[in-house]
>>> print(open('my_file03.cif').read())   # mmCIF, C-alpha atoms
data_target
#
loop_
_atom_site.label_atom_id
_atom_site.label_comp_id
_atom_site.auth_asym_id
_atom_site.auth_seq_id
_atom_site.Cartn_x
_atom_site.Cartn_y
_atom_site.Cartn_z
CA MET Z 1 3.33 -24.85 138.86
CA LEU Z 2 0.67 -23.00 136.87
CA ASN Z 3 -2.03 -25.26 138.34
CA SER Z 4 -0.77 -24.94 141.92
CA PRO Z 5 -3.11 -24.11 144.85
CA LEU Z 6 -1.74 -20.55 144.79
CA MET Z 7 -2.75 -20.12 141.16
CA LYS Z 8 -6.22 -21.53 141.90
CA LYS Z 9 -6.66 -19.03 144.73
CA MET Z 10 -5.56 -16.20 142.44
CA LYS Z 11 -8.26 -17.18 139.96
CA ILE Z 12 -10.84 -16.88 142.74
CA TYR Z 13 -9.68 -13.68 144.43
CA LEU Z 14 -8.48 -11.67 141.41
CA PRO Z 15 -12.00 -10.68 140.24
CA CYS Z 16 -12.81 -9.48 143.77
CA LEU Z 17 -9.60 -7.46 143.93
CA ILE Z 18 -10.30 -5.92 140.54
CA PHE Z 19 -13.81 -4.93 141.66
CA MET Z 20 -12.54 -3.18 144.80
CA LEU Z 21 -9.67 -1.37 143.11
CA SER Z 22 -11.83 -0.06 140.29
CA PHE Z 23 -13.47 2.47 142.59
CA THR Z 24 -10.19 4.39 142.95
CA ALA Z 25 -9.31 4.51 139.27
CA PHE Z 26 -8.33 7.47 137.14
CA GLY Z 27 -8.00 7.87 133.41
CA GLN Z 28 -5.83 9.63 130.89
CA TYR Z 29 -6.64 10.81 127.38
CA THR Z 30 -3.60 11.89 125.35
CA ASP Z 31 -3.44 14.67 122.80
CA VAL Z 32 -1.96 12.33 120.16
CA ILE Z 33 -2.56 8.70 119.28
CA ASN Z 34 -1.58 6.15 121.94
CA SER Z 35 -0.86 2.96 119.97
CA ASN Z 36 0.17 -0.46 121.27
CA ARG Z 37 2.10 -1.09 118.06
CA PRO Z 38 4.64 -2.13 116.97
CA GLY Z 39 5.26 -4.31 120.03
CA GLN Z 40 2.98 -6.95 121.49
CA SER Z 41 2.43 -5.43 124.93
CA GLN Z 42 -0.58 -3.34 125.92
CA SER Z 43 -0.28 0.14 127.35
CA ALA Z 44 -1.81 0.73 130.77
CA PHE Z 45 -3.80 3.66 129.39
CA ALA Z 46 -7.10 3.56 127.51
CA VAL Z 47 -7.65 5.46 124.28
CA GLY Z 48 -10.26 7.73 125.92
CA PRO Z 49 -14.06 7.96 125.74
CA ASN Z 50 -15.55 8.10 122.26
CA VAL Z 51 -12.22 7.32 120.61
CA ILE Z 52 -12.12 4.54 118.01
CA GLN Z 53 -8.64 3.27 117.22
CA LEU Z 54 -7.59 0.78 114.56
CA GLU Z 55 -4.16 -0.90 114.58
CA VAL Z 56 -3.04 -3.33 111.86
CA GLY Z 57 0.19 -4.74 110.51
CA PRO Z 58 1.15 -7.48 108.01
CA ASN Z 59 4.32 -9.45 108.67
CA TYR Z 60 6.57 -12.00 107.00
CA ILE Z 61 7.06 -15.26 108.94
CA LYS Z 62 9.92 -17.76 108.72
CA GLN Z 63 10.57 -20.65 111.14
CA GLU Z 64 12.96 -23.62 111.07
CA HIS Z 65 12.86 -26.59 113.46
CA THR Z 66 16.26 -28.26 113.25
CA PRO Z 67 15.61 -31.48 115.27
CA LEU Z 68 12.26 -32.18 113.56
CA LYS Z 69 13.50 -31.00 110.16
CA TYR Z 70 10.64 -28.79 109.12
CA GLU Z 71 10.34 -25.17 108.06
CA VAL Z 72 7.52 -22.66 107.85
CA ASN Z 73 7.20 -19.77 105.43
CA GLY Z 74 4.23 -17.44 105.17
CA PHE Z 75 2.65 -14.21 106.29
CA GLY Z 76 0.48 -12.99 109.11
CA VAL Z 77 -1.63 -9.98 110.04
CA ASP Z 78 -1.86 -8.57 113.56
CA PHE Z 79 -4.88 -6.36 114.20
CA ALA Z 80 -6.69 -4.55 116.98
CA ALA Z 81 -9.81 -2.41 117.25
CA ARG Z 82 -10.00 -0.35 120.45
CA TYR Z 83 -12.83 1.81 121.77
CA GLY Z 84 -13.00 4.07 124.83
CA LEU Z 85 -16.29 3.30 126.51
CA LEU Z 86 -18.13 5.50 129.04
CA PHE Z 87 -15.20 6.35 131.33
CA GLU Z 88 -11.64 7.59 130.72
CA PRO Z 89 -10.03 4.49 132.27
CA LEU Z 90 -12.17 1.94 130.37
CA GLU Z 91 -11.39 0.44 126.98
CA ILE Z 92 -12.95 -2.47 125.09
CA SER Z 93 -11.08 -4.17 122.28
CA VAL Z 94 -10.90 -6.92 119.71
CA ILE Z 95 -7.32 -8.15 119.33
CA GLY Z 96 -6.17 -10.90 117.02
CA SER Z 97 -3.57 -12.41 114.76
CA TYR Z 98 -4.18 -14.30 111.50
CA GLN Z 99 -1.55 -16.51 109.85
CA ASN Z 100 -1.31 -18.15 106.43
CA ASP Z 101 1.75 -20.29 105.74
CA LYS Z 102 3.28 -23.36 104.13
CA ILE Z 103 4.97 -25.98 106.32
CA THR Z 104 7.56 -28.22 104.66
CA ASP Z 105 8.55 -31.57 106.19
CA ASN Z 106 12.13 -32.44 105.16
CA ARG Z 107 12.50 -35.77 106.99
CA SER Z 108 12.02 -37.83 103.85
CA ALA Z 109 13.87 -37.78 100.50
CA ILE Z 110 10.95 -35.93 98.96
CA PRO Z 111 9.81 -32.91 101.01
CA ILE Z 112 6.13 -32.90 101.98
CA GLU Z 113 4.36 -29.55 101.89
CA ASP Z 114 1.14 -28.58 103.63
CA LYS Z 115 -0.69 -25.25 103.60
CA ARG Z 116 -2.25 -23.84 106.77
CA ALA Z 117 -4.38 -20.83 107.61
CA ASN Z 118 -6.20 -19.77 110.76
CA PHE Z 119 -6.28 -17.27 113.61
CA ARG Z 120 -3.42 -17.70 116.05
CA ASN Z 121 -5.55 -15.80 118.53
CA LEU Z 122 -8.78 -13.82 118.56
CA THR Z 123 -9.79 -12.12 121.80
CA VAL Z 124 -12.56 -9.78 122.85
CA GLY Z 125 -11.78 -8.01 126.11
CA ALA Z 126 -11.79 -4.93 128.30
CA LYS Z 127 -8.99 -2.98 130.00
CA TYR Z 128 -9.41 -0.72 133.03
CA LEU Z 129 -6.86 1.70 134.50
CA ILE Z 130 -7.01 1.22 138.26
CA TYR Z 131 -4.17 3.56 139.28
CA ASP Z 132 -2.74 6.62 137.52
CA PRO Z 133 0.22 8.36 139.21
CA TYR Z 134 0.26 10.97 136.43
CA LYS Z 135 -3.26 12.27 137.01
CA ASN Z 136 -1.88 15.46 138.61
CA ALA Z 137 1.08 15.81 136.24
CA GLU Z 138 -0.33 19.05 134.85
CA ASP Z 139 0.29 20.67 138.23
CA ASP Z 140 3.94 19.58 138.28
CA LYS Z 141 5.22 22.79 136.70
CA PRO Z 142 8.88 23.53 135.91
CA ASN Z 143 10.94 25.29 138.54
CA LEU Z 144 11.91 28.64 137.03
CA TYR Z 145 14.81 29.11 139.43
CA SER Z 146 16.51 25.69 139.52
CA TRP Z 147 17.89 23.71 136.59
CA LYS Z 148 18.81 20.90 139.00
CA ALA Z 149 15.26 20.63 140.33
CA ASN Z 150 13.90 20.26 136.79
CA HIS Z 151 16.40 17.57 135.76
CA SER Z 152 16.94 15.60 138.96
CA PHE Z 153 15.54 12.12 139.51
CA LYS Z 154 12.13 11.98 141.17
CA TRP Z 155 11.13 8.92 143.20
CA LYS Z 156 7.55 9.17 141.95
CA TYR Z 157 8.82 8.07 138.52
CA LEU Z 158 9.22 4.58 140.02
CA ILE Z 159 5.49 4.31 140.71
CA PRO Z 160 3.81 2.86 137.61
CA ALA Z 161 0.34 3.28 136.23
CA VAL Z 162 -1.52 -0.01 136.67
CA ALA Z 163 -4.33 -1.53 134.62
CA ILE Z 164 -6.08 -4.87 134.49
CA TYR Z 165 -7.34 -6.68 131.41
CA ALA Z 166 -9.91 -9.47 131.08
CA GLY Z 167 -11.04 -11.09 127.87
CA ALA Z 168 -12.38 -14.17 126.15
CA ASN Z 169 -10.48 -16.11 123.48
CA PHE Z 170 -12.32 -17.78 120.64
CA ASP Z 171 -10.50 -20.76 119.08
CA ILE Z 172 -11.75 -22.73 116.10
CA LYS Z 173 -11.65 -26.54 116.31
CA ASN Z 174 -8.56 -28.26 114.83
CA ASN Z 175 -6.60 -25.02 114.71
CA PRO Z 176 -2.98 -25.89 113.72
CA TYR Z 177 -1.65 -23.00 115.82
CA THR Z 178 -3.16 -24.08 119.17
CA GLY Z 179 -2.81 -27.13 121.38
CA PRO Z 180 -4.85 -30.28 120.69
CA GLY Z 181 -8.43 -30.09 121.92
CA ILE Z 182 -8.52 -26.32 122.37
CA GLU Z 183 -11.73 -24.90 120.91
CA GLY Z 184 -14.47 -22.48 121.77
CA PHE Z 185 -14.17 -19.81 124.45
CA SER Z 186 -11.55 -19.53 127.19
CA PRO Z 187 -10.66 -16.68 129.60
CA LYS Z 188 -7.60 -14.45 129.40
CA ILE Z 189 -6.42 -12.04 132.09
CA ALA Z 190 -3.49 -9.63 132.37
CA VAL Z 191 -1.94 -7.14 134.76
CA ILE Z 192 -0.31 -4.16 133.06
CA SER Z 193 2.09 -1.59 134.50
CA GLN Z 194 3.61 1.47 132.82
CA ASN Z 195 6.34 3.87 133.93
CA ASN Z 196 6.78 7.17 132.10
CA PHE Z 197 10.31 8.32 132.88
CA SER Z 198 11.80 11.70 132.04
CA GLY Z 199 13.63 12.12 128.76
CA GLY Z 200 11.04 10.27 126.68
CA TRP Z 201 11.56 6.81 128.21
CA VAL Z 202 8.59 4.49 128.81
CA PHE Z 203 8.70 1.02 130.39
CA VAL Z 204 5.73 -1.35 130.13
CA ILE Z 205 5.21 -4.75 131.78
CA ASN Z 206 2.45 -7.21 130.85
CA LEU Z 207 1.85 -10.35 132.94
CA ILE Z 208 -0.62 -12.60 131.13
CA LYS Z 209 -2.46 -15.83 131.90
CA ASP Z 210 -4.02 -17.10 128.68
CA ARG Z 211 -6.57 -19.79 127.74
CA ILE Z 212 -7.36 -20.41 131.38
CA GLY Z 213 -8.99 -23.76 132.12
CA THR Z 214 -7.73 -25.54 129.00
CA ASP Z 215 -5.13 -28.33 128.89
CA TYR Z 216 -2.63 -25.93 127.34
CA SER Z 217 -3.08 -22.76 129.34
CA ASP Z 218 0.03 -20.58 129.13
CA PHE Z 219 1.72 -17.85 131.12
CA GLN Z 220 3.39 -14.94 129.32
CA TYR Z 221 5.38 -11.89 130.27
CA ILE Z 222 6.20 -8.96 127.98
CA LEU Z 223 8.71 -6.23 128.85
CA THR Z 224 8.82 -3.21 126.54
CA LEU Z 225 11.20 -0.24 126.70
CA THR Z 226 10.49 2.71 124.40
CA HIS Z 227 12.40 5.93 123.81
CA SER Z 228 10.99 8.97 121.99
CA PHE Z 229 13.76 11.04 120.42
CA ASP Z 230 11.38 13.84 119.46
CA PRO Z 231 7.60 14.25 119.05
CA LYS Z 232 7.72 12.24 115.80
CA TRP Z 233 10.24 9.39 116.16
CA SER Z 234 10.53 6.59 118.70
CA LEU Z 235 12.39 3.27 119.00
CA PHE Z 236 11.57 0.26 121.17
CA ALA Z 237 13.06 -3.02 122.41
CA GLU Z 238 10.95 -5.85 123.78
CA THR Z 239 11.27 -9.34 125.20
CA GLN Z 240 8.38 -11.81 125.42
CA GLY Z 241 8.43 -15.07 127.36
CA ILE Z 242 5.89 -17.82 126.70
CA GLN Z 243 5.54 -20.95 128.84
CA SER Z 244 3.06 -23.79 128.31
CA ASP Z 245 3.02 -27.54 127.64
CA PHE Z 246 2.27 -26.84 123.97
CA TYR Z 247 4.76 -24.09 123.19
CA ALA Z 248 7.53 -22.25 125.01
CA ASP Z 249 9.75 -19.49 123.71
CA ASN Z 250 11.63 -16.29 124.47
CA LEU Z 251 11.14 -13.73 121.70
CA ILE Z 252 13.09 -10.51 121.15
CA ARG Z 253 11.78 -7.52 119.18
CA PHE Z 254 13.23 -4.25 117.93
CA GLY Z 255 11.53 -1.55 115.95
CA GLY Z 256 10.37 2.01 115.64
CA ALA Z 257 7.44 4.27 114.87
CA TYR Z 258 6.86 7.58 113.14
CA LEU Z 259 3.96 9.90 113.94
CA PHE Z 260 2.10 11.59 111.07
CA GLY Z 261 -0.06 14.19 112.76
CA ASP Z 262 -2.02 13.55 115.95
CA ASP Z 263 -4.04 10.56 114.75
CA PHE Z 264 -1.84 8.48 112.41
CA GLN Z 265 1.26 6.37 113.12
CA LEU Z 266 3.44 4.12 110.94
CA ASP Z 267 5.77 1.47 112.38
CA ALA Z 268 8.11 -1.42 111.65
CA ALA Z 269 9.48 -4.24 113.82
CA LEU Z 270 11.75 -7.29 113.71
CA THR Z 271 11.15 -10.41 115.84
CA PHE Z 272 13.55 -13.30 116.46
CA ASN Z 273 14.65 -15.84 119.08
CA THR Z 274 17.85 -17.69 119.96
CA LYS Z 275 16.81 -21.34 119.73
CA ASP Z 276 16.21 -23.84 116.90
CA THR Z 277 13.08 -25.63 118.17
CA PRO Z 278 12.00 -23.71 116.12
CA SER Z 279 13.97 -20.63 115.20
CA VAL Z 280 11.77 -17.59 114.57
CA PHE Z 281 12.25 -14.66 112.21
CA ASN Z 282 9.42 -12.19 111.59
CA PHE Z 283 9.47 -8.78 109.96
CA GLY Z 284 6.44 -6.56 109.89
CA ILE Z 285 5.20 -3.08 109.14
CA GLY Z 286 2.01 -1.51 110.38
CA ALA Z 287 -0.18 1.50 110.90
CA SER Z 288 -2.44 2.91 113.60
CA TYR Z 289 -5.24 5.41 113.10
CA ARG Z 290 -7.73 6.89 115.52
CA PHE Z 291 -11.10 8.56 115.05
CA ASP Z 292 -11.11 11.09 117.85
CA PHE Z 293 -14.57 12.11 119.03
CA HIS Z 294 -13.42 12.74 122.60
CA GLU Z 295 -14.92 15.69 124.49
CA ASP Z 296 -14.22 17.16 127.91
CA THR Z 297 -16.94 18.53 130.14
CA ILE Z 298 -15.77 21.51 132.20
CA ILE Z 299 -17.71 23.06 135.08
CA GLU Z 300 -17.37 26.84 135.12
CA ASP Z 301 -17.19 28.98 138.27
CA ASP Z 302 -20.84 29.92 137.93
CA GLY Z 303 -21.83 26.25 137.85
CA THR Z 304 -22.62 26.10 134.15
CA SER Z 305 -21.30 23.29 131.94
CA ALA Z 306 -19.25 23.86 128.79
CA LYS Z 307 -17.79 21.48 126.17
CA GLU Z 308 -14.11 21.71 125.30
CA GLU Z 309 -12.59 19.97 122.27
CA GLY Z 310 -9.07 20.06 120.90
CA LYS Z 311 -7.48 21.90 123.86
CA ARG Z 312 -5.62 19.01 125.42
CA LYS Z 313 -2.40 20.16 123.80
CA GLU Z 314 -2.45 23.32 125.88
CA ARG Z 315 -2.78 21.32 129.10
CA ALA Z 316 -0.90 18.12 128.27
CA SER Z 317 2.14 17.60 130.44
CA LYS Z 318 5.44 16.12 129.39
CA SER Z 319 4.70 12.85 131.10
CA LYS Z 320 1.52 12.49 129.09
CA LYS Z 321 3.37 13.02 125.87
CA ASP Z 322 5.73 10.21 126.81
CA VAL Z 323 2.81 7.80 126.72
CA ASN Z 324 2.30 8.25 122.99
CA PHE Z 325 4.87 5.62 122.02
CA ASP Z 326 4.52 3.05 124.74
CA ASP Z 327 5.26 -0.14 122.94
CA GLY Z 328 4.46 -1.41 121.67
CA ASN Z 329 3.16 -3.15 121.49
CA ASP Z 330 3.01 -3.46 121.51
CA ASP Z 331 3.07 -8.03 121.37
CA GLY Z 332 3.69 -4.52 122.97
CA SER Z 333 3.39 -5.44 122.37
CA ASN Z 334 0.65 -7.84 120.80
#
>>> encode(input="my_file03.cif", output="structure tokens")
Amino acid sequence: MLNSPLMKKMKIYLPCLIFMLSFTAFGQYTDVINSNRPGQSQSAFAVGPNVIQLEVGPNYIKQEHTPLKYEVNGFGVDFAARYGLLFEPLEISVIGSYQNDKITDNRSAIPIEDKRANFRNLTVGAKYLIYDPYKNAEDDKPNLYSWKANHSFKWKYLIPAVAIYAGANFDIKNNPYTGPGIEGFSPKIAVISQNNFSGGWVFVINLIKDRIGTDYSDFQYILTLTHSFDPKWSLFAETQGIQSDFYADNLIRFGGAYLFGDDFQLDAALTFNTKDTPSVFNFGIGASYRFDFHEDTIIEDDGTSAKEEGKRKERASKSKKDVNFDDGNDDGSN
């Protein structure tokens, strides 16, 4: 199915579509950190020009494969470095996951142990926001005369922000965490949508085609729902589906994040599945920090140019604030 004629046509026409849509794009810089953690999904929004953002989190890993009688115990580290380049909608990134574990084969009377360590994934890529329905949110002011108008459902909330992502994986030869024969560079693409609903709810969808052109290319989807209870605390729930000839799974995540100031976030998340081929249990904590060198250029009435820094809070709308805890992951997510 993944190698069908339709999929081949999508591989040909998607770059052309991306090129055409990019001319109508808009961007969004937020007044506080916009992290993809603790989920695995990516937000539709970039971090903003001249913003450097680091996201990292160690996690405990435990897996048990009942039919094959083996178990895995170890740790991993998820990491990302994101940079807003040139334009508000554009972001470049290095995203990866490193794992170090011990696999124990229990099929014989004496268990056989083997230690493993490598990158599960390491990707350099770029994300571009091609449609932003919230670009005029600052003009959507409260109605001073109608409580109902301020709290009623608005159809525009159903229109998501949309971004596209393209990157290159780098896989080392004989990697125990990838399919046989996978090595070197391979493309990765994703379509990302994000809805910022009223009340602090954010819904993110990632549709991903990974390691394109290899014998074990996979398709993934990640759905992340986040709720911010106040400007500091948020909780999220996420489901991630993975389908390939090498590995298939449906993962479930829960977790939360706490915001320390505008540029620093701490988080924690739990990951598990419902099968035994293998069963998965991961628990991780993490942190995100940004170095904010973003500046706005404003054209005055007399035509002169002035620099404005640190005044986004005065203009940031409610819908923009909802973006601050979008995932996750992010797997997202991540």
>>> resolve_selection(input="my_file03.cif", expression="the PyMOL selection byres ((chain Z and resi 197) around 9)", output="PyMOL selection string")
chain Z and resi 157-158+195-196+198-203+319+322
>>> residues_near_point(input="my_file03.cif", point="(-2.6, -6.1, 133.9)", cutoff="8 Å", atoms="all atoms listed in the file", output="list in words")
Ala44, Val162, Ala163, Ile164, Tyr165, Ile189, Ala190, Val191, Ile192, Ser193, Asn206, Leu207 and Ile208 of chain Z
>>> residues_around(input="my_file03.cif", residues="stretch 47-52 of chain Z", least_positions_apart="3", cutoff="8 Å", atoms="only C-alpha atoms", output="number ranges by chain")
Z: 27-30, 33-34, 81-91, 290-295
>>> atom_distance(input="my_file03.cif", atom1="atom CA of Z:Tyr221", atom2="atom CA of Z:Ala166")
15.5 Å
>>> atom_distance(input="my_file03.cif", atom1="atom CA of Z:Asp78", atom2="atom CA of Z:Leu259")
19.4 Å
>>> resolve_selection(input="my_file03.cif", expression="the PyMOL selection byres ((chain Z and resi 56) around 12)", output="number ranges by chain")
Z: 35-40, 53-55, 57-59, 76-82, 94-98, 264-268, 284-290, 329-330, 334
>>> write_last_selection(input="my_file03.cif", atoms="C-alpha atoms", output="PDB file, keeping the file's coordinate frame")
ATOM      1  CA  SER Z  35      -0.860   2.960 119.970  1.00  0.00           C
ATOM      2  CA  ASN Z  36       0.170  -0.460 121.270  1.00  0.00           C
ATOM      3  CA  ARG Z  37       2.100  -1.090 118.060  1.00  0.00           C
ATOM      4  CA  PRO Z  38       4.640  -2.130 116.970  1.00  0.00           C
ATOM      5  CA  GLY Z  39       5.260  -4.310 120.030  1.00  0.00           C
ATOM      6  CA  GLN Z  40       2.980  -6.950 121.490  1.00  0.00           C
ATOM      7  CA  GLN Z  53      -8.640   3.270 117.220  1.00  0.00           C
ATOM      8  CA  LEU Z  54      -7.590   0.780 114.560  1.00  0.00           C
ATOM      9  CA  GLU Z  55      -4.160  -0.900 114.580  1.00  0.00           C
ATOM     10  CA  GLY Z  57       0.190  -4.740 110.510  1.00  0.00           C
ATOM     11  CA  PRO Z  58       1.150  -7.480 108.010  1.00  0.00           C
ATOM     12  CA  ASN Z  59       4.320  -9.450 108.670  1.00  0.00           C
ATOM     13  CA  GLY Z  76       0.480 -12.990 109.110  1.00  0.00           C
ATOM     14  CA  VAL Z  77      -1.630  -9.980 110.040  1.00  0.00           C
ATOM     15  CA  ASP Z  78      -1.860  -8.570 113.560  1.00  0.00           C
ATOM     16  CA  PHE Z  79      -4.880  -6.360 114.200  1.00  0.00           C
ATOM     17  CA  ALA Z  80      -6.690  -4.550 116.980  1.00  0.00           C
ATOM     18  CA  ALA Z  81      -9.810  -2.410 117.250  1.00  0.00           C
ATOM     19  CA  ARG Z  82     -10.000  -0.350 120.450  1.00  0.00           C
ATOM     20  CA  VAL Z  94     -10.900  -6.920 119.710  1.00  0.00           C
ATOM     21  CA  ILE Z  95      -7.320  -8.150 119.330  1.00  0.00           C
ATOM     22  CA  GLY Z  96      -6.170 -10.900 117.020  1.00  0.00           C
ATOM     23  CA  SER Z  97      -3.570 -12.410 114.760  1.00  0.00           C
ATOM     24  CA  TYR Z  98      -4.180 -14.300 111.500  1.00  0.00           C
ATOM     25  CA  PHE Z 264      -1.840   8.480 112.410  1.00  0.00           C
ATOM     26  CA  GLN Z 265       1.260   6.370 113.120  1.00  0.00           C
ATOM     27  CA  LEU Z 266       3.440   4.120 110.940  1.00  0.00           C
ATOM     28  CA  ASP Z 267       5.770   1.470 112.380  1.00  0.00           C
ATOM     29  CA  ALA Z 268       8.110  -1.420 111.650  1.00  0.00           C
ATOM     30  CA  GLY Z 284       6.440  -6.560 109.890  1.00  0.00           C
ATOM     31  CA  ILE Z 285       5.200  -3.080 109.140  1.00  0.00           C
ATOM     32  CA  GLY Z 286       2.010  -1.510 110.380  1.00  0.00           C
ATOM     33  CA  ALA Z 287      -0.180   1.500 110.900  1.00  0.00           C
ATOM     34  CA  SER Z 288      -2.440   2.910 113.600  1.00  0.00           C
ATOM     35  CA  TYR Z 289      -5.240   5.410 113.100  1.00  0.00           C
ATOM     36  CA  ARG Z 290      -7.730   6.890 115.520  1.00  0.00           C
ATOM     37  CA  ASN Z 329       3.160  -3.150 121.490  1.00  0.00           C
ATOM     38  CA  ASP Z 330       3.010  -3.460 121.510  1.00  0.00           C
ATOM     39  CA  ASN Z 334       0.650  -7.840 120.800  1.00  0.00           C
TER      40      ASN Z 334
END
>>> residues_around(input="my_file03.cif", residues="stretch 167-184 of chain Z", least_positions_apart="5", cutoff="8 Å", atoms="only C-alpha atoms", output="MDAnalysis selection string")
chainID Z and resid 116 118:126 189 211 214:216 246
>>> resolve_selection(input="my_file03.cif", expression="the PyMOL selection byres ((chain Z and resi 249) around 10)", output="PDB file with C-alpha atoms, keeping the file's coordinate frame")
ATOM      1  CA  GLN Z 220       3.390 -14.940 129.320  1.00  0.00           C
ATOM      2  CA  GLN Z 240       8.380 -11.810 125.420  1.00  0.00           C
ATOM      3  CA  GLY Z 241       8.430 -15.070 127.360  1.00  0.00           C
ATOM      4  CA  ILE Z 242       5.890 -17.820 126.700  1.00  0.00           C
ATOM      5  CA  GLN Z 243       5.540 -20.950 128.840  1.00  0.00           C
ATOM      6  CA  SER Z 244       3.060 -23.790 128.310  1.00  0.00           C
ATOM      7  CA  TYR Z 247       4.760 -24.090 123.190  1.00  0.00           C
ATOM      8  CA  ALA Z 248       7.530 -22.250 125.010  1.00  0.00           C
ATOM      9  CA  ASN Z 250      11.630 -16.290 124.470  1.00  0.00           C
ATOM     10  CA  LEU Z 251      11.140 -13.730 121.700  1.00  0.00           C
ATOM     11  CA  ILE Z 252      13.090 -10.510 121.150  1.00  0.00           C
ATOM     12  CA  ASN Z 273      14.650 -15.840 119.080  1.00  0.00           C
ATOM     13  CA  THR Z 274      17.850 -17.690 119.960  1.00  0.00           C
ATOM     14  CA  LYS Z 275      16.810 -21.340 119.730  1.00  0.00           C
ATOM     15  CA  THR Z 277      13.080 -25.630 118.170  1.00  0.00           C
ATOM     16  CA  PRO Z 278      12.000 -23.710 116.120  1.00  0.00           C
ATOM     17  CA  SER Z 279      13.970 -20.630 115.200  1.00  0.00           C
ATOM     18  CA  VAL Z 280      11.770 -17.590 114.570  1.00  0.00           C
TER      19      VAL Z 280
END
>>> atom_distance(input="my_file03.cif", atom1="atom CA of Z:Thr66", atom2="atom CA of Z:Ile222")
26.3 Å
>>> axis_aligned_box(input="my_file03.cif", around="stretch 26-41 of chain Z", padding_each_side="6 Å", output="AutoDock Vina command-line options")
--center_x -1.5 --center_y 3.9 --center_z 127.1 --size_x 25.6 --size_y 33.6 --size_z 32.2
>>> closest_residue(input="my_file03.cif", among="Z:Tyr60, Z:Trp233, Z:Phe45, Z:Phe254", to="Z:Thr271", atoms="only C-alpha atoms")
Z:Phe254
